[in-house]
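A.B. asks: Below is one structure. I have some questions about it.
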Amino acid sequence: MVEDVVNPAGEHSGQFGALGLHLADPRVEASVLGVLDRVEAHLRASVASADPLVTEAARHLLQAGGKRFRPLLVALGARFGDPEAAQVVPAAVVMELTHLATLYHDDVMDEAAVRRGAPSANSRWTNSVAILVGDYLFARAADIAADLGPEAVRLQARTFARLVHGQIAETVGPRDTDPVAHYLHVIAEKTGSLIATSARFGGMFGGASPEHIEALAGYGEIIGVAFQLSDDLLDIASESVESGKTPGTDLREGVPTLPVLYALAADDSDAASVRLREILATGPLVDDALHAEALTLLRESPALKRARETVRSYAEDARARLAPLPESPARRALESLCDYIADRTS
């Protein structure tokens with residue numbers, strides 16, 4: 001799932017650049033930042049509970065920060081209608097609460113110890129508390145969605161269903177399906193679905209036309225997948241921690257990301273490709289020497305080149321989905337994200 005870079009102060013300065021998204025119009029940027037500030041205040045109020053423990057645990061990841069990518073897409077989507085419409089901020093809050101809830105559950109599934117630079121909720125409290133707090137956040141999101149109307153409730157519920165299906169698919173594995181197709185399906189369900197609904201909510205509650213709402217939703221689905229795939233590549237190709245984690249973490253943990261799946265499926269007979277398949281077939285690479293060898297081979301492999309081409313294809317597809325939208329600073333900002341994703345792994 002696309003994770004947010006730590007932004008502990010909850011500040012938005014420089015945030016767009018970290019996402020690769022550029023708002024050239026200062027007035028539009030000020031307006032979008034204003035929406036995000038109101039979202040932040042609403043989020044803090046929304047997770048409060050009569051039980052101090054629930055409040056503390058529910059605010060744990062919220063206070064750890066994040067780029068608020070989903071609320072940002074709501075705010076940008078609303079600019080194709082009325083960006084100051086009263087329901088835009090609550091719609092963004094619904095999306096971010098739903099996202100936060102999934103992170104609590106993900107950390108339990110992954111047995112994670114750290115999230116956004118802080119101890120994960122499951123490690124600080126227990127798995128049971130983390131699961132229940134995630135459930136609480138889902139409930140709060142549904143409660144707010146109810147004030148937005150039946151269609152918002154229906155869309156949030158259907159998005160939640162896709163998230164669950166994606167998690168189940170990831171858990172049980174590809175079974176009889178192609179591993180690459182399965183992996184792309186998981187990303188679309190776990191990541192693309194919520195980003196698509198975020199962009200859709202922006203258009204809906206900003207009062208955009210049906211054609212523009214559909215364009216925004218299509219863009220969100222594809223750009224969400226593209227962003228996750230680009231993170232996969234950075235985990236291998238980056239010499240730094242640009243991806244938010246130590247390079248090669250997925251290899252060490254045995255996570256089958258796109259470059260790995262392409263490498264395993266390849267039939268190249270050269271010595272490097274054969275050796276790479278041998279190493280990857282062993283599973284998690286906890287041995288430092290094997291890990292370093294696999295990372296080196298992957299960085300020079302046709303599989304990584306193919307994965308880069310796949311990411312670029314998704315980024316260009318996302319850009320094409322914006323064609324029905326009128327030329328504007330908001331559309332150019334969304335296009336800039338396509339450029340960023342295509343270029344960050346080149």
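If you're wondering about the labels, chains in the structure tokens are A, B, ... by order shown, residues count from 1 in each chain, ligands from 1 in order shown.
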Please list as a PyMOL selection string every residue within 7 Å of Gly203 (chain A), counting only C-alpha atoms and excluding residues in the same chain fewer than 2 positions away.
C.D. replies: chain A and resi 77-78+80-81+199-201+205-208+213
A.B. asks: Please provide as a ChimeraX atom specification all residues within 10 Å of Asp147 (chain A), with the sequence filter that same-chain residues fewer than 5 positions apart are discarded (counting only C-alpha atoms).
C.D. replies: /A:87,90-91,142,152-153
A.B. asks: Using only N, CA and C atoms, please write the residues we just selected to a file, as a short mmCIF file (atom, residue, chain, number, x, y, z; two decimals), in the first residue's frame.
C.D. replies:
```cif
data_model
loop_
_atom_site.label_atom_id
_atom_site.label_comp_id
_atom_site.auth_asym_id
_atom_site.auth_seq_id
_atom_site.Cartn_x
_atom_site.Cartn_y
_atom_site.Cartn_z
N GLN A 87 -19.05 20.20 1.85
CA GLN A 87 -18.84 18.77 2.06
C GLN A 87 -17.46 18.28 1.63
N PRO A 90 -15.27 17.24 4.95
CA PRO A 90 -15.69 15.94 5.51
C PRO A 90 -15.40 14.76 4.60
N ALA A 91 -15.55 14.96 3.28
CA ALA A 91 -15.25 13.87 2.34
C ALA A 91 -13.78 13.48 2.43
N ALA A 142 -17.38 5.89 8.51
CA ALA A 142 -18.74 5.60 8.05
C ALA A 142 -19.74 6.59 8.65
N ALA A 152 -22.37 8.47 -0.70
CA ALA A 152 -21.06 8.47 -0.05
C ALA A 152 -20.88 7.22 0.79
N VAL A 153 -21.93 6.82 1.51
CA VAL A 153 -21.86 5.61 2.32
C VAL A 153 -21.63 4.40 1.43
#
```
A.B. asks: For Val164 (chain A), work out the shell of residues within 9 Å, counting only C-alpha atoms and skipping chain neighbours fewer than 4 positions away, then give it as a ChimeraX atom specification.
C.D. replies: /A:159-160,168-169,189-190
A.B. asks: Mind the document's chain letters and residue numbers, and return as a list in words the residues of region 12-251 of chain A that DSSP labels strand (DSSP E or B).
C.D. replies: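 Selecting the strand (DSSP E or B) positions of region 12-251 of chain A gives Val114, Arg115, Ala118 and Pro119 of chain A.
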A.B. asks: Fewer than 6 positions away in the same chain doesn't count, so skip those; otherwise give me all residues within 12 Å of Thr102 (chain A), counting only C-alpha atoms, as a ChimeraX atom specification.
C.D. replies: /A:1-3,61,95-96,108-110,130-138,141,159-164,166-167,190-191,194
A.B. asks: Region 295-308 of chain A: which residues within 8 Å, counting only C-alpha atoms, same-chain residues fewer than 4 positions away excluded, as a list in words?
C.D. replies: Ser230, Leu233, Ile236, Ala237, Gly248, Leu251, Leu258, Pro259, Val260, Tyr262, Ala263, Ala266, Ala272, Ser273, Leu276, His291, Arg312, Thr345 and Ser346 of chain A
A.B. asks: Dump all heavy atoms for the selected residues as a compact mmCIF listing (two decimals), in the first residue's frame?
C.D. replies:
```
# COMPACT_ATOMS: atom_id res chain seq x y z
N SER A 230 6.16 2.27 -8.43
CA SER A 230 7.40 3.04 -8.41
C SER A 230 8.12 2.88 -7.08
O SER A 230 9.36 2.88 -7.04
CB SER A 230 7.12 4.52 -8.71
OG SER A 230 6.41 5.14 -7.66
N LEU A 233 10.17 -0.24 -7.27
CA LEU A 233 11.42 -0.06 -8.01
C LEU A 233 12.45 0.68 -7.17
O LEU A 233 13.64 0.34 -7.19
CB LEU A 233 11.17 0.69 -9.31
CG LEU A 233 10.88 -0.20 -10.53
CD1 LEU A 233 9.57 -0.96 -10.34
CD2 LEU A 233 10.82 0.64 -11.79
N ILE A 236 14.63 -1.23 -4.88
CA ILE A 236 15.75 -1.93 -5.50
C ILE A 236 16.77 -0.96 -6.09
O ILE A 236 17.97 -1.08 -5.87
CB ILE A 236 15.24 -2.88 -6.60
CG1 ILE A 236 14.43 -4.00 -5.98
CG2 ILE A 236 16.40 -3.43 -7.44
CD1 ILE A 236 13.65 -4.82 -6.96
N ALA A 237 16.27 0.04 -6.82
CA ALA A 237 17.17 0.89 -7.61
C ALA A 237 17.81 2.01 -6.83
O ALA A 237 18.89 2.49 -7.20
CB ALA A 237 16.39 1.47 -8.79
N GLY A 248 16.31 -2.53 -0.61
CA GLY A 248 16.39 -3.99 -0.51
C GLY A 248 15.59 -4.58 0.62
O GLY A 248 15.67 -5.79 0.86
N LEU A 251 13.30 -7.39 -0.56
CA LEU A 251 14.06 -8.61 -0.83
C LEU A 251 14.36 -9.36 0.47
O LEU A 251 14.22 -10.58 0.55
CB LEU A 251 15.38 -8.27 -1.52
CG LEU A 251 15.39 -8.05 -3.02
CD1 LEU A 251 16.78 -7.64 -3.47
CD2 LEU A 251 14.93 -9.29 -3.76
N LEU A 258 7.16 -6.29 -8.18
CA LEU A 258 7.11 -6.47 -9.63
C LEU A 258 8.45 -6.84 -10.26
O LEU A 258 8.50 -7.78 -11.07
CB LEU A 258 6.54 -5.21 -10.28
CG LEU A 258 6.23 -5.33 -11.77
CD1 LEU A 258 5.13 -6.35 -12.02
CD2 LEU A 258 5.83 -3.97 -12.34
N PRO A 259 9.56 -6.16 -9.96
CA PRO A 259 10.83 -6.56 -10.57
C PRO A 259 11.21 -8.00 -10.24
O PRO A 259 11.74 -8.72 -11.11
CB PRO A 259 11.85 -5.57 -9.99
CG PRO A 259 11.03 -4.39 -9.56
CD PRO A 259 9.72 -4.96 -9.09
N VAL A 260 10.94 -8.43 -9.03
CA VAL A 260 11.24 -9.81 -8.63
C VAL A 260 10.37 -10.79 -9.41
O VAL A 260 10.86 -11.83 -9.90
CB VAL A 260 11.05 -9.98 -7.11
CG1 VAL A 260 11.10 -11.46 -6.72
CG2 VAL A 260 12.11 -9.19 -6.35
N TYR A 262 8.99 -10.33 -12.32
CA TYR A 262 9.46 -10.36 -13.71
C TYR A 262 10.73 -11.21 -13.82
O TYR A 262 10.90 -11.97 -14.79
CB TYR A 262 9.74 -8.94 -14.20
CG TYR A 262 8.53 -8.18 -14.68
CD1 TYR A 262 8.54 -6.78 -14.72
CD2 TYR A 262 7.38 -8.83 -15.12
CE1 TYR A 262 7.44 -6.07 -15.18
CE2 TYR A 262 6.28 -8.12 -15.58
CZ TYR A 262 6.31 -6.75 -15.61
OH TYR A 262 5.22 -6.03 -16.06
N ALA A 263 11.62 -11.07 -12.87
CA ALA A 263 12.87 -11.84 -12.90
C ALA A 263 12.60 -13.33 -12.78
O ALA A 263 13.21 -14.15 -13.50
CB ALA A 263 13.80 -11.37 -11.79
N ALA A 266 11.12 -14.76 -16.03
CA ALA A 266 11.93 -14.63 -17.25
C ALA A 266 12.56 -15.97 -17.63
O ALA A 266 12.78 -16.84 -16.78
CB ALA A 266 13.01 -13.59 -17.04
N ALA A 272 23.87 -14.36 -15.43
CA ALA A 272 23.37 -13.45 -14.40
C ALA A 272 21.89 -13.69 -14.12
O ALA A 272 21.46 -13.72 -12.96
CB ALA A 272 23.61 -12.00 -14.83
N SER A 273 21.12 -13.88 -15.19
CA SER A 273 19.68 -14.10 -15.01
C SER A 273 19.40 -15.43 -14.32
O SER A 273 18.52 -15.52 -13.45
CB SER A 273 18.97 -14.05 -16.37
OG SER A 273 19.07 -12.78 -16.94
N LEU A 276 20.29 -15.07 -10.69
CA LEU A 276 19.30 -14.25 -9.99
C LEU A 276 18.06 -15.07 -9.66
O LEU A 276 17.54 -15.01 -8.53
CB LEU A 276 18.93 -13.04 -10.84
CG LEU A 276 17.85 -12.10 -10.27
CD1 LEU A 276 18.27 -11.55 -8.92
CD2 LEU A 276 17.59 -10.95 -11.25
N HIS A 291 21.81 -11.37 -0.14
CA HIS A 291 20.98 -10.17 -0.31
C HIS A 291 21.71 -9.16 -1.19
O HIS A 291 21.14 -8.60 -2.14
CB HIS A 291 20.66 -9.56 1.05
CG HIS A 291 19.86 -8.30 0.98
ND1 HIS A 291 20.45 -7.05 0.92
CD2 HIS A 291 18.53 -8.08 0.97
CE1 HIS A 291 19.51 -6.12 0.88
NE2 HIS A 291 18.34 -6.72 0.90
N ARG A 312 6.10 3.44 -16.23
CA ARG A 312 5.91 4.56 -17.17
C ARG A 312 4.59 4.40 -17.92
O ARG A 312 3.88 5.37 -18.17
CB ARG A 312 7.09 4.62 -18.14
CG ARG A 312 7.03 5.82 -19.09
CD ARG A 312 8.32 5.93 -19.88
NE ARG A 312 9.44 6.29 -19.03
CZ ARG A 312 9.74 7.54 -18.68
NH1 ARG A 312 8.98 8.54 -19.10
NH2 ARG A 312 10.77 7.78 -17.91
N THR A 345 11.98 6.77 -11.13
CA THR A 345 12.63 5.45 -11.17
C THR A 345 13.44 5.25 -12.46
O THR A 345 13.86 4.14 -12.76
CB THR A 345 11.57 4.33 -11.08
OG1 THR A 345 10.57 4.54 -12.07
CG2 THR A 345 10.92 4.33 -9.71
N SER A 346 13.63 6.33 -13.23
CA SER A 346 14.38 6.20 -14.49
C SER A 346 15.86 5.97 -14.24
O SER A 346 16.40 6.40 -13.23
CB SER A 346 14.21 7.49 -15.31
OG SER A 346 12.85 7.65 -15.66
```
A.B. asks: Could you pull out all residues of region 85-296 of chain A with a DSSP call of alpha helix (DSSP H) and give them as a count of residues only?
C.D. replies: 155
A.B. asks: Would you mind listing what lies within 12 Å of Val172 (chain A) as an MDAnalysis selection string, with only C-alpha atoms counted and same-chain residues fewer than 6 positions away left out?
C.D. replies: chainID A and resid 165:166 179 182:183 186
A.B. asks: Could you check the closest approach to Thr249 (chain A) for each of A:Ala294, A:Ala58, A:Leu76, A:Ala24 and tell me which residue wins, using only C-alpha atoms?
C.D. replies: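 Of all the options, A:Ala294 lies closest to Thr249 (chain A).
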A.B. asks: So how far away is CA of Val93 (chain A) from CA of Val39 (chain A), in Å?
C.D. replies: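 Going from CA of Val39 (chain A) over to CA of Val93 (chain A), I get 6.0 Å.
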A.B. asks: Which residue, A:Ala330, A:Leu53, A:Val74, A:Gly218, has the smallest gap to Val28 (chain A) when you use only C-alpha atoms?
C.D. replies: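 For Val28 (chain A), the nearest of the given residues is A:Ala330.
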A.B. asks: To one decimal in Å, tell me the separation between CA of Ala45 (chain A) and CA of Leu100 (chain A).
C.D. replies: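 Separation between CA of Ala45 (chain A) and CA of Leu100 (chain A): 14.6 Å.
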A.B. asks: Can you measure CA of Ala320 (chain A) to CA of Ala181 (chain A) for me? One decimal in Å is fine.
C.D. replies: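 According to the coordinates, CA of Ala320 (chain A) and CA of Ala181 (chain A) are separated by 22.0 Å.
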A.B. asks: Can you work out which one of A:Ala292, A:Glu309, A:Glu316, A:Phe227 has the shortest atom-to-atom distance to Ile341 (chain A), counting only C-alpha atoms?
C.D. replies: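 Nearest candidate to Ile341 (chain A) out of A:Ala292, A:Glu309, A:Glu316, A:Phe227: A:Phe227.
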A.B. asks: Ranking A:Arg124, A:Arg344, A:Arg70, A:Arg175 by minimum distance to Leu229 (chain A) and counting only C-alpha atoms, which one comes first?
C.D. replies: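 Closest to Leu229 (chain A), using only C-alpha atoms: A:Arg344.
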